[in-house]
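J.: File upload25.cif below, mmCIF, C-alpha atoms:
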data_run
loop_
_atom_site.label_atom_id
_atom_site.label_comp_id
_atom_site.auth_asym_id
_atom_site.auth_seq_id
_atom_site.Cartn_x
_atom_site.Cartn_y
_atom_site.Cartn_z
CA MET A 1 50.60 83.71 -117.88
CA SER A 2 49.22 84.06 -114.36
CA ARG A 3 45.45 84.16 -114.12
CA TYR A 4 45.31 85.65 -110.66
CA PRO A 5 43.18 87.15 -109.37
CA PHE A 6 40.17 85.53 -111.01
CA ALA A 7 36.54 84.79 -110.27
CA ARG A 8 35.11 81.29 -110.33
CA ILE A 9 31.53 81.51 -111.54
CA ASP A 10 29.46 78.45 -110.61
CA LEU A 11 26.67 78.19 -113.16
CA ALA A 12 25.09 75.26 -111.33
CA ALA A 13 24.66 77.52 -108.29
CA LEU A 14 23.11 80.16 -110.55
CA LYS A 15 20.56 77.69 -111.88
CA HIS A 16 19.83 76.51 -108.34
CA ASN A 17 19.09 80.09 -107.32
CA LEU A 18 16.73 80.54 -110.27
CA GLN A 19 14.83 77.48 -109.08
CA GLN A 20 14.65 79.01 -105.60
CA VAL A 21 13.05 82.09 -107.15
CA ARG A 22 10.42 79.86 -108.75
CA GLN A 23 9.78 78.18 -105.40
CA TYR A 24 9.29 81.53 -103.70
CA ALA A 25 6.99 82.79 -106.51
CA PRO A 26 5.53 79.69 -108.21
CA ASP A 27 2.71 81.54 -109.95
CA SER A 28 4.77 84.37 -111.44
CA LYS A 29 6.91 84.66 -114.54
CA VAL A 30 10.59 85.42 -113.91
CA MET A 31 12.40 88.42 -115.41
CA SER A 32 16.06 87.77 -114.53
CA VAL A 33 18.01 90.97 -113.92
CA ILE A 34 21.41 90.85 -115.63
CA LYS A 35 22.26 94.56 -115.71
CA ALA A 36 25.76 95.83 -114.81
CA ASP A 37 27.40 92.84 -116.52
CA ALA A 38 25.14 90.49 -114.53
CA TYR A 39 26.27 92.06 -111.26
CA GLY A 40 29.88 91.56 -112.27
CA HIS A 41 29.49 87.91 -113.30
CA GLY A 42 29.62 88.35 -117.11
CA PHE A 43 26.19 88.87 -118.63
CA ILE A 44 26.48 86.84 -121.84
CA LYS A 45 27.56 83.66 -120.03
CA ILE A 46 25.02 84.31 -117.28
CA ALA A 47 22.21 84.87 -119.77
CA LYS A 48 23.04 81.54 -121.45
CA ALA A 49 22.90 79.78 -118.09
CA LEU A 50 19.60 81.52 -117.26
CA ASN A 51 17.97 80.54 -120.55
CA GLN A 52 14.98 79.15 -118.65
CA SER A 53 14.07 82.70 -117.58
CA ASP A 54 10.85 84.07 -119.04
CA ALA A 55 12.57 87.39 -119.76
CA PHE A 56 15.70 89.39 -119.02
CA ALA A 57 16.08 92.90 -117.63
CA VAL A 58 18.95 95.36 -118.11
CA ALA A 59 19.45 99.00 -117.24
CA ARG A 60 20.40 100.46 -120.62
CA LEU A 61 19.75 100.09 -124.32
CA SER A 62 23.36 99.12 -125.07
CA GLU A 63 23.04 96.07 -122.81
CA ALA A 64 19.81 94.99 -124.49
CA LEU A 65 21.33 95.36 -127.97
CA ALA A 66 24.34 93.25 -126.95
CA LEU A 67 22.00 90.46 -125.83
CA ARG A 68 20.05 90.54 -129.09
CA GLN A 69 23.27 90.61 -131.12
CA ASN A 70 24.39 87.50 -129.25
CA GLY A 71 21.26 85.65 -130.29
CA PHE A 72 19.03 85.91 -127.21
CA GLN A 73 15.35 85.88 -128.17
CA GLN A 74 13.68 86.28 -124.77
CA PRO A 75 11.83 89.52 -123.99
CA ILE A 76 14.38 92.08 -122.78
CA THR A 77 13.27 95.01 -120.62
CA ILE A 78 15.26 98.25 -120.43
CA PHE A 79 14.74 99.73 -116.96
CA GLU A 80 15.98 103.25 -117.72
CA GLY A 81 13.88 103.46 -120.87
CA VAL A 82 14.73 105.35 -124.06
CA SER A 83 13.74 108.75 -125.35
CA SER A 84 15.23 109.65 -128.73
CA THR A 85 13.88 108.82 -132.18
CA GLU A 86 16.97 106.77 -133.00
CA GLU A 87 16.63 104.77 -129.78
CA TRP A 88 12.94 104.06 -130.35
CA HIS A 89 13.76 102.72 -133.82
CA LEU A 90 16.35 100.39 -132.32
CA VAL A 91 13.88 99.21 -129.68
CA SER A 92 11.34 98.52 -132.42
CA ASP A 93 13.77 96.87 -134.84
CA TYR A 94 15.21 94.58 -132.17
CA GLY A 95 11.89 93.78 -130.51
CA LEU A 96 12.85 95.18 -127.11
CA THR A 97 10.71 96.28 -124.17
CA ALA A 98 11.25 99.74 -122.69
CA VAL A 99 10.11 101.07 -119.34
CA LEU A 100 8.21 104.32 -119.82
CA HIS A 101 8.66 106.56 -116.79
CA GLN A 102 8.29 110.07 -118.29
CA GLN A 103 5.52 111.57 -120.42
CA GLN A 104 8.22 112.81 -122.80
CA HIS A 105 9.12 109.18 -123.52
CA LEU A 106 5.67 108.55 -124.93
CA ASP A 107 5.69 111.82 -126.85
CA SER A 108 8.97 110.86 -128.54
CA LEU A 109 7.64 107.38 -129.31
CA ILE A 110 4.55 108.85 -130.96
CA ASN A 111 6.73 111.11 -133.10
CA ALA A 112 9.40 108.51 -133.88
CA GLY A 113 7.59 106.85 -136.79
CA ILE A 114 8.73 103.34 -135.85
CA ASN A 115 8.55 100.63 -138.48
CA ARG A 116 6.60 98.12 -136.40
CA PRO A 117 4.82 98.11 -133.03
CA LEU A 118 6.83 97.41 -129.92
CA PRO A 119 6.13 93.97 -128.43
CA ALA A 120 5.51 95.56 -125.03
CA ILE A 121 6.31 98.43 -122.70
CA TRP A 122 6.12 98.75 -118.94
CA LEU A 123 4.53 101.86 -117.41
CA MET A 124 6.48 102.84 -114.29
CA LEU A 125 4.09 103.87 -111.51
CA GLU A 126 5.38 106.16 -108.76
CA THR A 127 4.37 104.40 -105.54
CA GLY A 128 6.82 105.97 -103.08
CA MET A 129 10.37 105.35 -104.28
CA HIS A 130 10.49 108.87 -105.78
CA ARG A 131 13.11 108.02 -108.36
CA LEU A 132 11.69 106.89 -111.71
CA GLY A 133 7.97 106.87 -112.33
CA LEU A 134 4.75 108.78 -112.86
CA PRO A 135 1.76 109.28 -110.56
CA GLU A 136 -1.43 107.31 -111.10
CA PRO A 137 -3.33 110.06 -113.02
CA ALA A 138 -0.46 110.41 -115.50
CA ILE A 139 -0.34 106.63 -115.98
CA GLN A 140 -4.09 106.61 -116.62
CA GLN A 141 -3.64 109.32 -119.25
CA ILE A 142 -0.86 107.36 -120.95
CA ILE A 143 -3.03 104.24 -121.01
CA HIS A 144 -5.77 106.30 -122.65
CA GLN A 145 -3.29 107.51 -125.28
CA LEU A 146 -1.99 104.00 -125.96
CA GLU A 147 -5.50 102.63 -126.40
CA LYS A 148 -5.88 104.97 -129.35
CA ARG A 149 -2.55 103.98 -130.90
CA LYS A 150 -2.56 100.24 -131.44
CA ASP A 151 0.20 100.76 -134.02
CA LEU A 152 2.70 101.71 -131.29
CA VAL A 153 2.62 98.93 -128.71
CA GLU A 154 1.17 95.43 -128.74
CA GLN A 155 0.80 95.13 -124.96
CA TYR A 156 1.72 97.01 -121.81
CA GLY A 157 1.83 96.50 -118.08
CA LEU A 158 2.49 98.24 -114.78
CA MET A 159 5.82 98.33 -112.99
CA SER A 160 7.04 99.88 -109.77
CA HIS A 161 9.98 99.51 -107.39
CA PHE A 162 10.15 99.09 -103.62
CA ALA A 163 12.25 101.50 -101.60
CA ASN A 164 12.44 99.42 -98.43
CA SER A 165 11.61 95.81 -99.27
CA ASP A 166 14.82 94.72 -97.54
CA LEU A 167 13.43 96.15 -94.29
CA LEU A 168 10.90 93.67 -92.97
CA ASP A 169 7.67 95.10 -91.56
CA ASP A 170 8.44 98.58 -92.91
CA LEU A 171 5.11 100.39 -93.34
CA ARG A 172 6.22 101.97 -96.60
CA ASN A 173 6.14 98.54 -98.28
CA GLN A 174 2.41 98.19 -97.64
CA GLN A 175 1.80 101.78 -98.68
CA GLN A 176 3.50 101.18 -102.00
CA LEU A 177 1.63 97.93 -102.51
CA ALA A 178 -1.70 99.63 -101.86
CA ILE A 179 -1.04 102.22 -104.58
CA MET A 180 -0.12 99.53 -107.09
CA HIS A 181 -3.02 97.28 -106.12
CA LYS A 182 -5.55 100.05 -106.71
CA LEU A 183 -4.32 100.74 -110.24
CA ALA A 184 -3.85 97.07 -111.07
CA GLU A 185 -7.44 96.33 -110.09
CA SER A 186 -8.87 99.23 -112.06
CA THR A 187 -6.90 98.52 -115.25
CA GLY A 188 -6.53 94.74 -115.19
CA LEU A 189 -2.99 95.12 -116.55
CA PRO A 190 -0.14 92.71 -115.71
CA VAL A 191 2.13 93.88 -112.91
CA CYS A 192 5.86 93.57 -112.18
CA MET A 193 6.92 94.89 -108.79
CA ALA A 194 8.87 92.36 -106.69
CA ASN A 195 12.65 92.56 -106.55
CA SER A 196 14.77 89.97 -104.69
CA ALA A 197 13.85 91.14 -101.20
CA ALA A 198 10.14 91.36 -102.04
CA ILE A 199 10.17 87.93 -103.70
CA ILE A 200 11.33 86.49 -100.40
CA SER A 201 9.48 88.65 -97.87
CA LEU A 202 6.36 90.04 -99.61
CA PRO A 203 4.49 87.27 -101.42
CA GLU A 204 1.54 89.60 -101.99
CA SER A 205 3.82 91.63 -104.30
CA HIS A 206 4.55 88.78 -106.72
CA TYR A 207 1.71 89.53 -109.16
CA ASP A 208 2.31 88.39 -112.76
CA TRP A 209 6.07 88.95 -112.92
CA VAL A 210 8.95 88.98 -110.44
CA ARG A 211 12.40 90.36 -111.25
CA PRO A 212 15.17 88.77 -109.16
CA GLY A 213 18.61 90.30 -109.21
CA LEU A 214 20.93 89.87 -106.23
CA MET A 215 19.39 86.56 -105.10
CA LEU A 216 20.21 84.98 -108.46
CA TYR A 217 23.87 85.47 -107.62
CA GLY A 218 23.49 83.84 -104.22
CA ALA A 219 23.68 86.89 -101.97
CA SER A 220 21.09 87.99 -99.46
CA PRO A 221 19.29 91.34 -99.81
CA PHE A 222 18.76 91.42 -96.03
CA ALA A 223 21.35 92.79 -93.61
CA ASP A 224 20.62 90.14 -90.97
CA LYS A 225 20.53 87.08 -93.25
CA SER A 226 23.04 85.30 -95.44
CA GLY A 227 22.38 83.73 -98.79
CA ALA A 228 22.64 80.31 -97.14
CA ASP A 229 19.86 81.31 -94.71
CA LEU A 230 17.63 81.82 -97.77
CA ARG A 231 18.62 78.51 -99.45
CA LEU A 232 20.78 80.34 -101.99
CA LYS A 233 24.23 79.34 -103.22
CA PRO A 234 27.02 81.86 -103.92
CA VAL A 235 27.77 82.04 -107.63
CA MET A 236 31.08 83.93 -107.50
CA GLN A 237 34.16 82.85 -105.60
CA LEU A 238 36.83 85.51 -105.92
CA VAL A 239 40.33 84.04 -105.55
CA SER A 240 43.94 85.12 -105.84
CA LYS A 241 47.35 83.91 -104.69
CA LEU A 242 50.09 84.66 -102.21
CA ILE A 243 52.92 86.34 -104.13
CA ALA A 244 55.35 87.34 -101.36
CA THR A 245 56.09 86.98 -97.65
CA GLN A 246 58.17 89.00 -95.20
CA GLN A 247 59.31 88.68 -91.60
CA LEU A 248 58.41 91.81 -89.67
CA LYS A 249 60.05 93.15 -86.51
CA PRO A 250 58.23 95.00 -83.73
CA GLY A 251 57.63 98.57 -84.91
CA ASP A 252 57.63 97.75 -88.63
CA GLN A 253 54.86 99.59 -90.44
CA VAL A 254 52.96 98.01 -93.34
CA GLY A 255 51.77 99.72 -96.51
CA TYR A 256 50.92 103.27 -97.50
CA GLY A 257 50.60 105.66 -94.60
CA GLY A 258 51.94 103.13 -92.13
CA GLN A 259 48.47 102.57 -90.74
CA TRP A 260 49.35 99.18 -89.27
CA THR A 261 52.37 98.53 -87.04
CA ALA A 262 53.70 95.15 -85.91
CA ASP A 263 53.77 94.84 -82.10
CA LYS A 264 55.81 91.60 -82.15
CA PRO A 265 57.86 89.52 -84.60
CA MET A 266 55.51 88.19 -87.26
CA ARG A 267 55.18 86.86 -90.79
CA MET A 268 53.31 88.96 -93.32
CA GLY A 269 52.01 87.91 -96.75
CA VAL A 270 51.21 89.85 -99.90
CA VAL A 271 48.19 88.82 -102.01
CA SER A 272 47.68 89.79 -105.65
CA ILE A 273 44.45 91.79 -105.49
CA GLY A 274 43.61 95.43 -104.83
CA TYR A 275 41.24 98.25 -105.59
CA GLY A 276 42.34 98.09 -109.23
CA ASP A 277 40.57 94.73 -109.29
CA GLY A 278 37.53 96.08 -107.47
CA TYR A 279 38.49 95.07 -103.93
CA SER A 280 37.19 97.84 -101.73
CA ARG A 281 39.73 100.17 -100.13
CA HIS A 282 37.30 100.40 -97.20
CA LEU A 283 38.44 96.89 -96.25
CA SER A 284 41.85 98.25 -95.22
CA ASN A 285 42.61 96.87 -91.74
CA ALA A 286 39.10 95.41 -91.75
CA GLY A 287 38.75 92.59 -94.27
CA THR A 288 39.57 88.91 -93.92
CA VAL A 289 40.64 86.31 -96.48
CA MET A 290 41.05 82.54 -96.30
CA ILE A 291 44.28 80.67 -97.01
CA ARG A 292 44.71 76.93 -96.44
CA GLY A 293 41.34 76.94 -94.66
CA GLN A 294 42.54 79.56 -92.18
CA TYR A 295 40.99 83.02 -91.78
CA THR A 296 43.66 85.71 -91.98
CA PRO A 297 43.10 89.46 -91.47
CA ILE A 298 44.14 92.23 -93.83
CA ILE A 299 46.76 94.55 -92.36
CA GLY A 300 47.46 98.02 -93.69
CA ARG A 301 45.81 99.80 -96.58
CA VAL A 302 44.39 98.06 -99.63
CA SER A 303 46.63 99.09 -102.54
CA MET A 304 45.80 99.21 -106.24
CA ASP A 305 47.19 95.73 -106.94
CA THR A 306 47.86 94.08 -103.57
CA ILE A 307 46.74 93.54 -100.02
CA CYS A 308 48.86 92.46 -97.04
CA ILE A 309 47.72 89.77 -94.60
CA ASN A 310 48.82 88.55 -91.18
CA LEU A 311 50.17 85.00 -91.51
CA ASN A 312 50.93 84.38 -87.83
CA ASP A 313 48.01 81.96 -87.56
CA CYS A 314 48.88 80.24 -90.85
CA PRO A 315 52.62 79.42 -90.60
CA GLN A 316 52.30 76.73 -93.29
CA ALA A 317 51.33 79.26 -95.97
CA GLN A 318 53.65 79.23 -98.99
CA LEU A 319 54.17 81.30 -102.12
CA ASP A 320 51.57 80.63 -104.83
CA ASP A 321 49.03 79.35 -102.30
CA GLU A 322 45.47 80.12 -103.37
CA VAL A 323 43.71 82.80 -101.33
CA ILE A 324 39.91 83.00 -101.19
CA ILE A 325 38.88 86.64 -101.17
CA TRP A 326 35.17 85.91 -100.85
CA GLY A 327 32.76 83.10 -101.61
CA ALA A 328 33.55 80.68 -98.77
CA ASP A 329 31.93 79.99 -95.41
CA GLY A 330 32.93 82.78 -93.06
CA VAL A 331 34.13 85.02 -95.88
CA THR A 332 30.90 85.79 -97.68
CA VAL A 333 30.35 88.82 -99.86
CA GLU A 334 27.57 89.94 -97.50
CA TRP A 335 29.90 89.81 -94.46
CA LEU A 336 32.64 91.72 -96.28
CA ALA A 337 30.17 94.32 -97.49
CA GLU A 338 29.17 94.99 -93.90
CA LYS A 339 32.84 95.34 -92.96
CA ALA A 340 33.31 97.82 -95.81
CA GLY A 341 30.24 99.82 -94.83
CA THR A 342 28.48 99.05 -98.09
CA ILE A 343 26.21 96.43 -99.70
CA PRO A 344 27.02 93.21 -101.58
CA TYR A 345 25.66 94.73 -104.80
CA GLU A 346 28.57 97.18 -104.82
CA LEU A 347 31.30 94.64 -104.10
CA LEU A 348 30.08 92.31 -106.86
CA THR A 349 29.58 94.95 -109.53
CA CYS A 350 32.94 96.60 -108.80
CA VAL A 351 34.99 93.52 -109.77
CA THR A 352 36.89 94.91 -112.75
CA PRO A 353 37.40 93.40 -116.22
CA ARG A 354 41.06 92.58 -115.52
CA VAL A 355 39.82 89.92 -113.09
CA GLN A 356 39.30 86.95 -115.39
CA ARG A 357 36.12 84.90 -115.03
CA GLU A 358 36.27 81.10 -115.05
CA TYR A 359 32.92 79.39 -115.60
CA LEU A 360 32.22 76.05 -113.93
CA ASN A 361 29.41 73.52 -114.33
CA GLY A 362 28.09 75.09 -117.48
#
Starting from the file, give its structure as structure tokens.
T.:
Amino acid sequence: MSRYPFARIDLAALKHNLQQVRQYAPDSKVMSVIKADAYGHGFIKIAKALNQSDAFAVARLSEALALRQNGFQQPITIFEGVSSTEEWHLVSDYGLTAVLHQQQHLDSLINAGINRPLPAIWLMLETGMHRLGLPEPAIQQIIHQLEKRKDLVEQYGLMSHFANSDLLDDLRNQQQLAIMHKLAESTGLPVCMANSAAIISLPESHYDWVRPGLMLYGASPFADKSGADLRLKPVMQLVSKLIATQQLKPGDQVGYGGQWTADKPMRMGVVSIGYGDGYSRHLSNAGTVMIRGQYTPIIGRVSMDTICINLNDCPQAQLDDEVIIWGADGVTVEWLAEKAGTIPYELLTCVTPRVQREYLNG
């Protein structure tokens, strides 16, 4: 059975990127972010390869439970937190760490009657992202409540999230840091604030914990830099194959809507990948792939299962040739994201389950 398209996942590159995180933040513990199926890379395999991480982070309780049920013993933080009695019991029973970003979360924890104290929680401080978090007075009040209830939580720390850490010299970064620094100094609690961009560009934000996400997978969080510029290696190479070719005449239109028309005799190829595999439709008439070491442009609309490419500059291309969709020099996920008007996070996480993953060097 054909395995195309599929994603080659280089676990050696992943481990290299983890070491780069430690070089950027040598005095901080590392909480590796493996939410959204490890950014589309397959979170169980990725967690095994990242077993030298000090902790893992996911978005939702279901992800944390799956890690525990697969035998992972590291601390696991749930970014979105939990709020119901049933969920708090699961967090307690499985020894998980929740982020507390609403007063109601603490109220439900107090009333849940958990069987044993939580190993830790993170208190999400609102520093300027205006998404999840509580202002400093509310955090102080929660700390006061927790000090009276040693039966609920063994330890706790402060967390926040940058809005613009990928924008160098943005004043909002320093404003957010100042708010966190004030509370960190007054409480003496451990702090986790730096995401990938801040790990690289804001060393003063490293504190006790850093939480790399995108950089672990070898992509740059900065619009004007590639992963290679930051000494990172791409972990995913998305590949497929050439499944058909046609000779076009001048005036022949390609694909749905006829949005691309041949202006001369040419050879066109069809590649087995489309938006049903997670390849962005915004790359219609905009993306580029690599075949036999040659860059070839996409012509016409991206379909559910296929894309069409111009083979005029690659006359030697044959059926069943491998086609690199991204993950090679000149066809990076960052470059394609720019072409699609989006970010590499989206392209990686949108790779669908029908694209098989093949793990190398692990």
J.: Within 10 Å of Met268 in chain A, counting only C-alpha atoms, which residues qualify if same-chain residues fewer than 6 places away don't, as number ranges by chain?
T.: A: 244-248, 254, 262, 298-299, 308-312, 315
J.: Using only C-alpha atoms and a cutoff of 12 Å, can you tell me which residues are near (10.1, 78.4, -111.1) in the file's coordinates, and write them out as a list in words?
T.: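 It turns out the residues near that spot are Lys15, His16, Asn17, Leu18, Gln19, Gln20, Val21, Arg22, Gln23, Tyr24, Ala25, Pro26, Asp27, Ser28, Lys29, Val30, Met31, Ser32, Leu50, Gln52, Ser53, Asp54, Trp209, Val210 and Pro212 of chain A.
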J.: For a test of reading the model, state the distance in Å between CA of Leu242 in chain A and CA of Met290 in chain A, rounded to one decimal.
T.: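 Separating CA of Leu242 in chain A from CA of Met290 in chain A is a distance of 11.0 Å.
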J.: Dump as CSV the rows for residues of range 131-176 of chain A within 6 Å of range 108-124 of chain A: closest atom pair and distance in Å with one decimal, only C-alpha atoms counted, ordered by chain and rising residue number.
T.:
residue,atom,partner,partner_atom,distance
A:Gly133,CA,A:Met124,CA,4.7
A:Asp151,CA,A:Pro117,CA,5.4
A:Leu152,CA,A:Pro117,CA,4.5
A:Val153,CA,A:Leu118,CA,4.6
A:Glu154,CA,A:Pro119,CA,5.2
A:Gln155,CA,A:Ala120,CA,4.7
A:Tyr156,CA,A:Ile121,CA,4.9
A:Gly157,CA,A:Trp122,CA,4.9
A:Leu158,CA,A:Leu123,CA,4.9
A:Met159,CA,A:Met124,CA,4.7
A:Ser160,CA,A:Met124,CA,5.4
J.: Kindly give the distance, in Å, that separates CA of Tyr279 in chain A and CA of Met236 in chain A, rounded to a single decimal.
T.: 13.8 Å
J.: CA of Leu100 in chain A and CA of Leu146 in chain A, how far apart in Å?
T.: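 Between CA of Leu146 in chain A and CA of Leu100 in chain A the gap is 11.9 Å.
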J.: Give me, as a ChimeraX atom specification, all polymer residues having an atom no more than 12 Å from Pro234 in chain A, counting all atoms listed in the file and skipping those fewer than 3 positions away in the same chain.
T.: /A:7-17,41,214-220,226-231,237-238,326-329,331-334,344,348
J.: For each of A:Leu125, A:Leu336, A:Val235, A:Val271, take the minimum atom-to-atom distance to Ala223 in chain A, counting all atoms listed in the file, then give the residue where this is smallest.
T.: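 With all atoms listed in the file as the atom set, the closest residue is A:Leu336.
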J.: When you count all atoms listed in the file, which of these residues is closest to Ser165 in chain A: A:Ser205, A:Ser186, A:Gln141, A:Thr342?
T.: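 Ranked by minimum distance to Ser165 in chain A, first place goes to A:Ser205.
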J.: Using all atoms listed in the file, which of the listed residues (A:Asp169, A:Asp321, A:Glu87, A:Glu338) sits closest to Asp224 in chain A?
T.: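 The closest residue to Asp224 in chain A is A:Glu338.
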J.: Applying 12 Å and all atoms listed in the file, which residues near Ser284 in chain A remain after dropping the ones on its own chain fewer than 5 positions away? List them as a count of residues only.
T.: 26
J.: Can you take range 173-252 of chain A from the block and write C-alpha atoms as a tab-separated table (two decimals), in the first residue's frame?
T.:
chain	number	residue	atom	x	y	z
A	173	ASN	CA	7.78	42.99	25.94
A	174	GLN	CA	9.52	45.12	28.55
A	175	GLN	CA	6.20	46.27	29.97
A	176	GLN	CA	5.10	42.68	30.46
A	177	LEU	CA	8.44	41.74	31.99
A	178	ALA	CA	8.23	44.62	34.46
A	179	ILE	CA	4.83	43.43	35.73
A	180	MET	CA	6.11	39.89	36.21
A	181	HIS	CA	9.37	41.02	37.79
A	182	LYS	CA	7.56	43.05	40.42
A	183	LEU	CA	5.39	40.13	41.54
A	184	ALA	CA	8.23	37.62	41.31
A	185	GLU	CA	10.38	39.77	43.59
A	186	SER	CA	7.64	40.31	46.14
A	187	THR	CA	6.59	36.64	46.34
A	188	GLY	CA	9.85	34.80	45.67
A	189	LEU	CA	7.90	32.23	43.63
A	190	PRO	CA	9.38	30.38	40.62
A	191	VAL	CA	8.50	31.89	37.26
A	192	CYS	CA	7.79	30.49	33.79
A	193	MET	CA	7.36	33.10	31.08
A	194	ALA	CA	9.65	32.58	28.06
A	195	ASN	CA	8.28	30.93	24.93
A	196	SER	CA	10.48	30.12	21.91
A	197	ALA	CA	10.87	33.71	20.74
A	198	ALA	CA	11.62	34.98	24.24
A	199	ILE	CA	14.12	32.17	24.88
A	200	ILE	CA	16.09	33.43	21.90
A	201	SER	CA	15.59	37.20	22.12
A	202	LEU	CA	14.82	38.04	25.78
A	203	PRO	CA	17.31	36.35	28.10
A	204	GLU	CA	16.02	38.40	31.02
A	205	SER	CA	12.73	36.49	30.70
A	206	HIS	CA	14.23	33.04	31.26
A	207	TYR	CA	13.71	32.94	35.04
A	208	ASP	CA	13.36	29.44	36.54
A	209	TRP	CA	11.58	27.74	33.64
A	210	VAL	CA	11.41	28.20	29.87
A	211	ARG	CA	8.79	26.55	27.67
A	212	PRO	CA	9.97	26.04	24.07
A	213	GLY	CA	7.46	25.02	21.46
A	214	LEU	CA	8.05	25.93	17.81
A	215	MET	CA	11.85	26.02	18.11
A	216	LEU	CA	11.90	22.40	19.26
A	217	TYR	CA	10.53	21.47	15.84
A	218	GLY	CA	13.21	23.46	14.04
A	219	ALA	CA	11.17	26.43	12.84
A	220	SER	CA	11.85	30.07	13.59
A	221	PRO	CA	9.35	32.19	15.54
A	222	PHE	CA	10.68	35.31	13.78
A	223	ALA	CA	9.40	36.48	10.40
A	224	ASP	CA	12.84	37.61	9.23
A	225	LYS	CA	14.86	34.56	10.36
A	226	SER	CA	14.90	30.89	9.43
A	227	GLY	CA	15.43	28.00	11.78
A	228	ALA	CA	18.91	27.57	10.31
A	229	ASP	CA	19.72	31.19	11.23
A	230	LEU	CA	19.01	30.22	14.86
A	231	ARG	CA	21.08	26.98	14.74
A	232	LEU	CA	17.92	24.86	14.64
A	233	LYS	CA	17.28	21.81	12.47
A	234	PRO	CA	13.90	21.07	10.83
A	235	VAL	CA	12.30	18.01	12.39
A	236	MET	CA	9.57	17.36	9.80
A	237	GLN	CA	10.14	16.78	6.11
A	238	LEU	CA	6.79	16.45	4.37
A	239	VAL	CA	7.07	14.37	1.20
A	240	SER	CA	4.83	12.88	-1.46
A	241	LYS	CA	5.16	11.53	-5.00
A	242	LEU	CA	4.40	12.39	-8.59
A	243	ILE	CA	1.35	10.34	-9.62
A	244	ALA	CA	0.57	11.68	-13.11
A	245	THR	CA	1.84	13.93	-15.89
A	246	GLN	CA	0.16	15.66	-18.82
A	247	GLN	CA	1.23	17.65	-21.86
A	248	LEU	CA	-0.62	20.95	-21.98
A	249	LYS	CA	-1.34	23.12	-25.02
A	250	PRO	CA	-1.47	26.92	-24.99
A	251	GLY	CA	-4.83	27.95	-23.51
A	252	ASP	CA	-5.30	24.79	-21.42
